[in-house]
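Below is the file protein.txt, which contains compact mmCIF, C-alpha atoms.
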# COMPACT_ATOMS: atom_id res chain seq x y z
CA MET A 1 -45.20 10.87 -118.35
CA SER A 2 -44.80 9.52 -121.87
CA PRO A 3 -45.08 11.27 -125.23
CA ILE A 4 -48.65 9.96 -125.41
CA SER A 5 -49.77 11.52 -122.13
CA ASP A 6 -47.86 14.71 -122.95
CA TYR A 7 -49.69 15.15 -126.27
CA ALA A 8 -52.93 13.99 -124.65
CA MET A 9 -52.72 16.98 -122.31
CA VAL A 10 -52.35 19.29 -125.30
CA THR A 11 -55.25 17.53 -127.02
CA TYR A 12 -57.56 17.97 -124.06
CA ARG A 13 -56.60 21.61 -123.56
CA HIS A 14 -57.14 22.29 -127.28
CA SER A 15 -60.61 20.77 -127.12
CA LYS A 16 -61.43 22.63 -123.90
CA LEU A 17 -60.32 26.01 -125.29
CA PHE A 18 -61.57 25.69 -128.86
CA GLY A 19 -64.22 22.96 -128.82
CA THR A 20 -62.16 20.64 -131.04
CA THR A 21 -63.94 17.29 -131.02
CA ASP A 22 -62.89 13.64 -131.01
CA GLU A 23 -64.68 13.27 -134.36
CA GLN A 24 -62.65 16.08 -135.93
CA ARG A 25 -59.38 14.50 -134.80
CA ALA A 26 -60.60 11.12 -136.01
CA GLU A 27 -61.06 12.62 -139.49
CA ILE A 28 -57.28 13.10 -139.65
CA ALA A 29 -56.73 9.40 -138.92
CA VAL A 30 -59.39 8.40 -141.45
CA MET A 31 -58.06 10.61 -144.25
CA GLN A 32 -54.47 9.53 -143.69
CA ARG A 33 -55.55 5.88 -143.67
CA TYR A 34 -57.35 6.49 -146.96
CA ASN A 35 -54.06 7.76 -148.41
CA ALA A 36 -52.22 4.76 -146.94
CA SER A 37 -54.64 2.37 -148.62
CA PHE A 38 -53.12 3.52 -151.93
CA ASN A 39 -49.53 3.27 -150.69
CA PRO A 40 -48.01 -0.20 -151.18
CA LYS A 41 -45.36 0.56 -148.54
CA ALA A 42 -47.82 1.40 -145.77
CA LEU A 43 -48.08 -0.92 -142.79
CA PHE A 44 -51.78 -0.24 -142.15
CA ARG A 45 -53.85 -0.18 -145.33
CA ASN A 46 -57.38 -1.28 -144.51
CA PRO A 47 -59.76 1.71 -144.64
CA ILE A 48 -61.18 2.90 -141.31
CA THR A 49 -64.09 5.12 -140.31
CA VAL A 50 -64.49 7.86 -137.72
CA GLU A 51 -66.49 5.34 -135.71
CA ASP A 52 -63.57 2.86 -135.79
CA VAL A 53 -61.27 5.51 -134.35
CA LEU A 54 -63.72 6.47 -131.61
CA GLN A 55 -64.32 2.79 -130.76
CA SER A 56 -60.60 2.08 -130.37
CA ARG A 57 -59.52 2.14 -126.74
CA ILE A 58 -58.52 5.36 -125.01
CA VAL A 59 -54.84 5.14 -124.14
CA SER A 60 -54.47 8.57 -122.56
CA TYR A 61 -57.64 10.65 -122.53
CA PRO A 62 -58.73 11.90 -125.01
CA LEU A 63 -56.33 10.12 -127.41
CA HIS A 64 -57.56 6.82 -128.88
CA LEU A 65 -55.32 3.97 -130.02
CA LEU A 66 -55.94 4.74 -133.72
CA GLU A 67 -54.74 8.34 -133.20
CA ILE A 68 -51.31 7.17 -132.05
CA VAL A 69 -48.27 6.30 -134.15
CA TYR A 70 -46.86 2.79 -134.06
CA PRO A 71 -43.13 2.48 -133.43
CA ILE A 72 -41.24 0.19 -135.81
CA ASP A 73 -37.65 -0.59 -136.69
CA GLY A 74 -36.51 0.89 -139.95
CA PHE A 75 -34.42 3.48 -141.65
CA HIS A 76 -34.24 5.67 -144.73
CA VAL A 77 -31.29 6.42 -146.96
CA PHE A 78 -31.18 9.65 -148.93
CA VAL A 79 -28.57 10.14 -151.63
CA VAL A 80 -27.66 13.73 -152.42
CA SER A 81 -25.85 14.35 -155.68
CA LYS A 82 -24.51 17.28 -157.65
CA ARG A 83 -26.99 19.22 -159.72
CA SER A 84 -24.98 18.24 -162.80
CA SER A 85 -25.10 14.50 -162.07
CA LYS A 86 -26.65 12.19 -164.66
CA SER A 87 -29.72 11.24 -162.66
CA ALA A 88 -33.17 10.49 -164.01
CA LEU A 89 -34.53 12.35 -160.98
CA ARG A 90 -35.39 16.02 -161.11
CA ASN A 91 -33.33 18.72 -159.45
CA ILE A 92 -34.81 19.93 -156.21
CA ASP A 93 -34.21 23.27 -154.57
CA ILE A 94 -34.76 24.23 -150.97
CA LEU A 95 -37.25 27.03 -151.58
CA ALA A 96 -37.54 27.98 -147.93
CA TYR A 97 -36.15 26.85 -144.59
CA GLY A 98 -36.70 27.69 -140.96
CA GLU A 99 -35.97 26.08 -137.62
CA ALA A 100 -36.90 26.84 -134.03
CA HIS A 101 -35.91 25.41 -130.66
CA TRP A 102 -37.85 25.91 -127.47
CA PRO A 103 -35.61 24.21 -124.88
CA ASN A 104 -37.72 24.83 -121.79
CA PRO A 105 -40.38 22.32 -120.70
CA PRO A 106 -43.74 23.05 -122.40
CA ALA A 107 -45.24 23.99 -119.01
CA GLU A 108 -43.02 27.11 -119.17
CA TRP A 109 -44.22 28.15 -122.64
CA ASP A 110 -46.96 30.76 -123.00
CA ASP A 111 -49.32 27.90 -123.74
CA ILE A 112 -48.88 24.23 -124.61
CA ILE A 113 -51.28 24.53 -127.57
CA TYR A 114 -48.47 26.17 -129.56
CA THR A 115 -45.49 24.36 -131.06
CA PRO A 116 -42.13 25.72 -132.25
CA ALA A 117 -43.56 25.22 -135.77
CA ILE A 118 -45.15 28.64 -135.38
CA GLU A 119 -41.62 30.10 -135.25
CA SER A 120 -39.90 27.84 -137.80
CA ALA A 121 -42.69 28.42 -140.35
CA LYS A 122 -42.45 32.16 -139.78
CA ARG A 123 -38.74 32.00 -140.47
CA ALA A 124 -39.34 30.00 -143.66
CA SER A 125 -41.97 32.61 -144.58
CA PHE A 126 -43.36 30.83 -147.65
CA ASP A 127 -46.61 31.62 -149.47
CA LEU A 128 -48.80 28.57 -148.76
CA ASN A 129 -50.87 29.23 -151.90
CA ARG A 130 -47.87 27.97 -153.90
CA VAL A 131 -47.82 24.62 -152.07
CA ASP A 132 -49.11 21.47 -153.82
CA THR A 133 -48.88 19.04 -150.89
CA PHE A 134 -48.10 19.24 -147.19
CA GLN A 135 -46.10 16.62 -145.30
CA LEU A 136 -46.52 17.22 -141.57
CA TYR A 137 -45.06 15.13 -138.77
CA ASP A 138 -47.81 12.93 -137.37
CA SER A 139 -46.98 11.29 -134.08
CA PHE A 140 -50.66 11.77 -133.21
CA THR A 141 -53.72 13.21 -134.93
CA ILE A 142 -53.40 16.34 -132.82
CA THR A 143 -49.78 16.82 -133.95
CA VAL A 144 -50.93 17.29 -137.54
CA MET A 145 -53.67 19.67 -136.42
CA LEU A 146 -51.34 21.78 -134.27
CA GLN A 147 -48.96 22.18 -137.20
CA MET A 148 -51.79 23.04 -139.60
CA GLU A 149 -52.50 25.97 -137.28
CA ASP A 150 -48.91 26.90 -136.53
CA ILE A 151 -47.68 26.94 -140.16
CA GLY A 152 -50.57 29.29 -140.97
CA LEU A 153 -52.86 27.00 -142.95
CA VAL A 154 -55.65 27.90 -140.53
CA GLU A 155 -56.02 30.24 -137.54
CA LYS A 156 -55.20 28.85 -134.07
CA GLY A 157 -58.26 27.09 -132.68
CA LYS A 158 -60.06 26.73 -136.02
CA VAL A 159 -58.43 23.51 -137.26
CA GLY A 160 -61.41 21.37 -136.24
CA GLN A 161 -63.76 23.25 -138.57
CA PHE A 162 -61.07 23.27 -141.28
CA VAL A 163 -60.80 19.48 -141.16
CA GLU A 164 -64.58 19.18 -141.53
CA SER A 165 -64.75 21.51 -144.54
CA HIS A 166 -61.72 20.30 -146.52
CA ASP A 167 -60.60 17.05 -148.13
CA LEU A 168 -57.08 16.36 -146.87
CA THR A 169 -56.57 13.17 -148.92
CA PHE A 170 -54.23 13.01 -151.90
CA LYS A 171 -57.32 13.53 -154.08
CA GLY A 172 -58.49 16.53 -152.08
CA ASP A 173 -58.14 20.31 -152.09
CA VAL A 174 -55.49 20.36 -149.30
CA PRO A 175 -53.44 17.16 -149.62
CA ILE A 176 -51.71 16.35 -146.34
CA ASN A 177 -49.50 13.31 -145.61
CA THR A 178 -50.28 11.88 -149.01
CA GLY A 179 -48.66 8.50 -148.34
CA GLY A 180 -50.57 7.96 -145.10
CA GLY A 181 -47.88 9.43 -142.85
CA SER A 182 -46.12 7.73 -139.97
CA LEU A 183 -49.51 6.89 -138.48
CA ASN A 184 -49.79 4.27 -141.20
CA THR A 185 -46.23 3.46 -142.25
CA GLY A 186 -45.08 3.20 -138.64
CA GLN A 187 -42.53 5.42 -136.98
CA PRO A 188 -39.03 4.10 -137.73
CA ALA A 189 -36.86 4.20 -134.62
CA TYR A 190 -39.01 7.10 -133.31
CA MET A 191 -37.70 9.24 -136.18
CA SER A 192 -40.39 10.36 -138.61
CA GLY A 193 -38.56 13.06 -140.53
CA GLY A 194 -37.51 10.42 -143.04
CA VAL A 195 -41.09 9.32 -143.61
CA ILE A 196 -42.28 12.77 -144.67
CA LEU A 197 -39.10 13.54 -146.62
CA GLU A 198 -39.34 10.30 -148.60
CA GLU A 199 -42.97 11.02 -149.47
CA ALA A 200 -42.07 14.59 -150.52
CA LEU A 201 -39.33 13.34 -152.85
CA LEU A 202 -41.62 10.71 -154.38
CA GLN A 203 -44.33 13.30 -155.00
CA LEU A 204 -41.86 15.74 -156.57
CA ASN A 205 -40.59 13.04 -158.93
CA ASP A 206 -44.05 11.80 -159.91
CA MET A 207 -43.11 8.46 -158.34
CA ALA A 208 -45.79 8.13 -155.65
CA ASP A 209 -47.37 5.03 -157.13
CA GLY A 210 -51.12 4.94 -156.57
CA HIS A 211 -51.28 8.12 -154.51
CA GLN A 212 -49.55 10.68 -156.71
CA VAL A 213 -50.87 14.24 -156.55
CA LYS A 214 -50.78 15.26 -160.20
CA GLY A 215 -48.39 18.03 -161.12
CA THR A 216 -46.75 18.33 -157.71
CA ASP A 217 -44.02 20.93 -157.95
CA VAL A 218 -43.82 22.36 -154.43
CA VAL A 219 -43.97 20.37 -151.17
CA PHE A 220 -44.13 21.92 -147.71
CA LEU A 221 -42.66 19.81 -144.91
CA ASN A 222 -42.72 20.38 -141.20
CA GLY A 223 -40.97 18.13 -138.74
CA ILE A 224 -41.21 18.30 -134.97
CA GLY A 225 -38.61 16.75 -132.74
CA TRP A 226 -38.09 15.50 -129.23
CA TRP A 227 -40.97 13.93 -127.48
CA SER A 228 -42.40 17.04 -125.97
CA ARG A 229 -42.03 18.85 -129.33
CA LYS A 230 -39.25 21.28 -128.45
CA HIS A 231 -37.79 21.49 -131.95
CA SER A 232 -39.29 22.26 -135.32
CA VAL A 233 -37.94 22.39 -138.86
CA THR A 234 -39.87 23.84 -141.80
CA LEU A 235 -38.65 22.92 -145.24
CA VAL A 236 -40.15 23.77 -148.62
CA LEU A 237 -38.88 21.76 -151.57
CA GLY A 238 -39.53 22.33 -155.23
CA MET B 1 -37.94 74.02 -122.99
CA ARG B 2 -36.29 72.00 -120.29
CA ARG B 3 -37.53 68.60 -119.31
CA SER B 4 -36.44 66.44 -116.45
CA TYR B 5 -36.33 62.66 -116.61
CA ARG B 6 -36.26 60.12 -113.88
CA LEU B 7 -34.52 56.88 -114.56
CA PHE B 8 -35.49 53.77 -112.68
CA ASN B 9 -33.41 50.70 -112.23
CA VAL B 10 -36.08 48.02 -112.57
CA LYS B 11 -35.36 44.52 -111.34
CA ILE B 12 -37.62 42.07 -113.12
CA VAL B 13 -38.78 39.16 -111.02
CA VAL B 14 -39.21 35.89 -112.88
CA ILE B 15 -40.61 32.85 -111.08
CA VAL B 16 -39.01 29.73 -112.44
CA TYR B 17 -39.86 26.07 -111.99
CA TYR B 18 -38.04 23.65 -112.03
CA PRO B 19 -35.34 25.25 -109.85
CA ARG B 20 -32.19 26.33 -111.68
CA ALA B 21 -28.87 27.92 -110.79
CA PHE B 22 -29.60 30.79 -113.17
CA CYS B 23 -32.55 32.51 -114.82
CA PRO B 24 -33.58 30.82 -118.11
CA LYS B 25 -34.98 34.15 -119.37
CA CYS B 26 -32.00 36.47 -118.82
CA GLY B 27 -29.12 34.28 -117.69
CA SER B 28 -28.67 36.08 -114.35
CA SER B 29 -27.34 33.95 -111.50
CA ASP B 30 -29.00 36.28 -108.98
CA VAL B 31 -31.64 33.72 -107.99
CA GLU B 32 -33.21 32.74 -104.69
CA VAL B 33 -35.47 29.96 -103.45
CA ARG B 34 -39.01 31.01 -102.67
CA PHE B 35 -41.82 28.98 -101.15
CA SER B 36 -45.18 28.38 -102.71
CA GLU B 37 -48.44 28.09 -100.79
CA GLY B 38 -49.19 25.08 -102.98
CA ARG B 39 -52.53 26.31 -104.31
CA GLY B 40 -53.48 26.75 -107.92
CA LYS B 41 -55.60 25.38 -110.70
CA ILE B 42 -55.38 22.67 -113.31
CA PHE B 43 -53.91 24.02 -116.57
CA ALA B 44 -53.92 20.76 -118.53
CA MET B 45 -54.54 17.12 -117.72
CA THR B 46 -54.98 13.63 -119.07
CA LYS B 47 -56.23 10.33 -117.72
CA ILE B 48 -53.71 7.59 -118.43
CA TYR B 49 -55.59 4.31 -118.75
CA ARG B 50 -54.36 0.92 -117.64
CA LYS B 51 -55.54 -2.21 -119.38
CA ASP B 52 -57.99 -3.00 -116.56
CA GLY B 53 -59.81 0.29 -117.23
CA SER B 54 -58.48 2.10 -114.18
CA TYR B 55 -56.55 5.35 -114.69
CA VAL B 56 -54.20 7.86 -113.12
CA ILE B 57 -54.53 11.59 -113.72
CA TYR B 58 -51.47 13.47 -114.78
CA GLY B 59 -51.43 17.17 -115.50
CA ILE B 60 -49.90 20.61 -115.40
CA VAL B 61 -50.87 22.72 -112.40
CA GLU B 62 -50.66 26.51 -112.52
CA LEU B 63 -49.69 27.75 -109.07
CA GLU B 64 -50.92 31.07 -107.66
CA GLU B 65 -47.35 32.38 -107.48
CA GLY B 66 -47.18 32.27 -111.29
CA PHE B 67 -45.41 29.07 -112.27
CA ARG B 68 -46.56 25.74 -113.62
CA MET B 69 -45.49 22.25 -112.69
CA TYR B 70 -46.16 18.73 -113.87
CA SER B 71 -47.71 16.47 -111.25
CA ASN B 72 -50.26 13.79 -110.54
CA ILE B 73 -53.74 14.77 -109.50
CA VAL B 74 -55.13 12.43 -106.87
CA GLU B 75 -58.66 12.01 -105.50
CA GLY B 76 -59.54 13.34 -108.91
CA ASN B 77 -63.23 12.58 -109.53
CA GLN B 78 -63.86 16.29 -109.96
CA ALA B 79 -60.63 17.01 -111.81
CA ASP B 80 -60.88 19.22 -114.89
CA ILE B 81 -59.10 22.14 -116.49
CA ALA B 82 -59.48 25.33 -114.38
CA LYS B 83 -60.51 23.38 -111.25
CA ARG B 84 -58.77 24.59 -108.09
CA VAL B 85 -56.25 22.26 -106.48
CA GLU B 86 -53.87 22.19 -103.52
CA VAL B 87 -50.71 20.29 -102.86
CA ILE B 88 -50.48 17.16 -100.74
CA PHE B 89 -47.22 15.39 -100.07
CA LYS B 90 -47.02 11.67 -100.56
CA GLU B 91 -44.12 9.59 -99.31
CA ILE B 92 -42.87 7.05 -101.81
CA ASN B 93 -39.77 4.97 -100.96
CA GLY B 94 -38.69 7.46 -98.31
CA LYS B 95 -39.01 10.54 -100.54
CA LYS B 96 -41.80 13.08 -100.39
CA TYR B 97 -43.45 14.02 -103.66
CA PRO B 98 -45.83 16.96 -104.25
CA LEU B 99 -49.16 15.77 -105.69
CA PHE B 100 -52.35 17.77 -106.03
CA LYS B 101 -55.96 17.23 -105.04
CA VAL B 102 -59.06 19.08 -106.13
CA ILE B 103 -60.47 21.45 -103.50
Show how you would write the structure in this file as structure tokens.
Amino acid sequence: MSPISDYAMVTYRHSKLFGTTDEQRAEIAVMQRYNASFNPKALFRNPITVEDVLQSRIVSYPLHLLEIVYPIDGFHVFVVSKRSSKSALRNIDILAYGEAHWPNPPAEWDDIIYTPAIESAKRASFDLNRVDTFQLYDSFTITVMLQMEDIGLVEKGKVGQFVESHDLTFKGDVPINTGGGSLNTGQPAYMSGGVILEEALLQLNDMADGHQVKGTDVVFLNGIGWWSRKHSVTLVLG
Amino acid sequence: MRRSYRLFNVKIVVIVYYPRAFCPKCGSSDVEVRFSEGRGKIFAMTKIYRKDGSYVIYGIVELEEGFRMYSNIVEGNQADIAKRVEVIFKEINGKKYPLFKVI
């Protein structure tokens, strides 16, 4: 088993239980690619359509190639300074924080369609109406969708309809992964927390060239770790 | 008014797979090996494609005794979530592995 086949099992079960379609998942890939097309740092920038996603080969049913993150070499450096330092950057507070660890194999969980994000987000307990953009770990299209449900943006099982009725691009009503996410920047050394954190900090400092969400003051991040998603960290910055 | 109470000492039985030296729910080391009949149904599955278009089916099987395990599903033309399966043992390099087939 690989992370791809592991998440593919979740994807298929989610579609079987809730009727989530390939097209709905493809929308995530399309909207994130749209964001990436405005991000000079993105690896993949040419716009794609739902049809492109569905035409790409199935790696592990039902996941298509264009729903899967691309591993790259790379790293991020984050410099943390005192609040009183003479920086041109704004001060940022951690408005909420939560983490959760589910050490047992997912087969032992109540159901594999849940992630520890449901617990970490509950611990962070932040009013999502105050959030300007969401940065959610995106190893696969389904990963984003699972977190959208688990952090409370939409009820479990309803994310497919939510994707159809909302614009998740940086120009939309629910901006998610505004720089295109790891799906389009690549996944540096299998660690994507840096990708979403960097994008959050750029948005908060009005420095997201070409894909800035105007007036961003609060960013909600959720990272999921280990390849069968046993760990989750929720972080709200603002 | 006088009431009488009966207190029961309840021993909770938890079926755990993979096997462990102690219970992952409560930490008790009072564990024993039990045998499964090897029948259950498919809880989750995926078809992992090779470049030539062929595939293997990998999934999570929910056994009747109340535990789930990862395994391959073979002879899987009819394989789908909720389909009933039973174990078959396949010898690979001198070791026997439990795989499942649709019944």
Determine which residues of chain A sit within 9 Å of chain B, taking into account all atoms listed in the file, and present them as a list of chain:residue names. A:Met1, A:Ile4, A:Ser5, A:Asp6, A:Ala8, A:Met9, A:Val10, A:Thr11, A:Tyr12, A:Arg13, A:Lys16, A:Ile58, A:Val59, A:Ser60, A:Tyr61, A:Pro62, A:Asn104, A:Ala107, A:Glu108, A:Ile112
Atom-to-atom span, CA of Gly180 (chain A) and CA of Ala117 (chain A), Å: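 Rounded to one decimal, the two atoms are 20.8 Å apart.
Among the candidates A:Tyr137, A:Ser228, A:Thr178, A:Val195, the residue lying nearest to Pro105 (chain A) is A:Ser228 (atoms considered: all atoms listed in the file).
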Do you know which residues are at most 10 Å from Glu65 (chain B) counting all atoms listed in the file, after dropping those on the same chain fewer than 6 positions away, and could you put them as an MDAnalysis selection string? chainID B and resid 15 34:40
Any chance you could export the current selection's C-alpha atoms as a PDB file, in the coordinates of the input?
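The result, stored in again-v3.pdb:
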ATOM      1  CA  ILE B  15     -40.610  32.850-111.080  1.00  0.00           C
ATOM      2  CA  ARG B  34     -39.010  31.010-102.670  1.00  0.00           C
ATOM      3  CA  PHE B  35     -41.820  28.980-101.150  1.00  0.00           C
ATOM      4  CA  SER B  36     -45.180  28.380-102.710  1.00  0.00           C
ATOM      5  CA  GLU B  37     -48.440  28.090-100.790  1.00  0.00           C
ATOM      6  CA  GLY B  38     -49.190  25.080-102.980  1.00  0.00           C
ATOM      7  CA  ARG B  39     -52.530  26.310-104.310  1.00  0.00           C
ATOM      8  CA  GLY B  40     -53.480  26.750-107.920  1.00  0.00           C
TER       9      GLY B  40
END
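Our summary of the geometry notes that CA of Leu204 (chain A) is positioned 22.7 Å from CA of His166 (chain A).
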Out of A:Val77, A:Ala42, A:Leu89, A:Leu201, which residue has the shortest atom-to-atom distance to Gly238 (chain A) when counting only C-alpha atoms?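 Comparing A:Val77, A:Ala42, A:Leu89, A:Leu201 against Gly238 (chain A), the winner is A:Leu201.
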Just to confirm, what's the straight-line distance from CA of Trp227 (chain A) to CA of Lys83 (chain B) in Å (one decimal)? 27.1 Å
With all atoms listed in the file as the counted atoms, please give the residues lying no more than 7 Å from Lys230 (chain A), apart from itself and same-chain residues fewer than 2 positions off, as a PyMOL selection string. chain A and resi 101-103+116+225-226+228+232
Which residue, A:Arg123, A:Arg33, A:Lys82, A:Lys41, has the smallest gap to Val236 (chain A) when you use all atoms listed in the file?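 Using all atoms listed in the file, Val236 (chain A) sits closest to A:Arg123.
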Show me the residues close to (-42.9, 16.4, -104.5) - anything with an atom within 8 Å, counting all atoms listed in the file - and format the list as a list of chain:residue names. B:Phe89, B:Lys90, B:Lys96, B:Tyr97, B:Pro98, B:Leu99
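Distance check against Ala82 (chain B) using all atoms listed in the file: of A:Leu17, A:Val50, A:Ala100, A:Tyr7, the minimum falls on A:Leu17.
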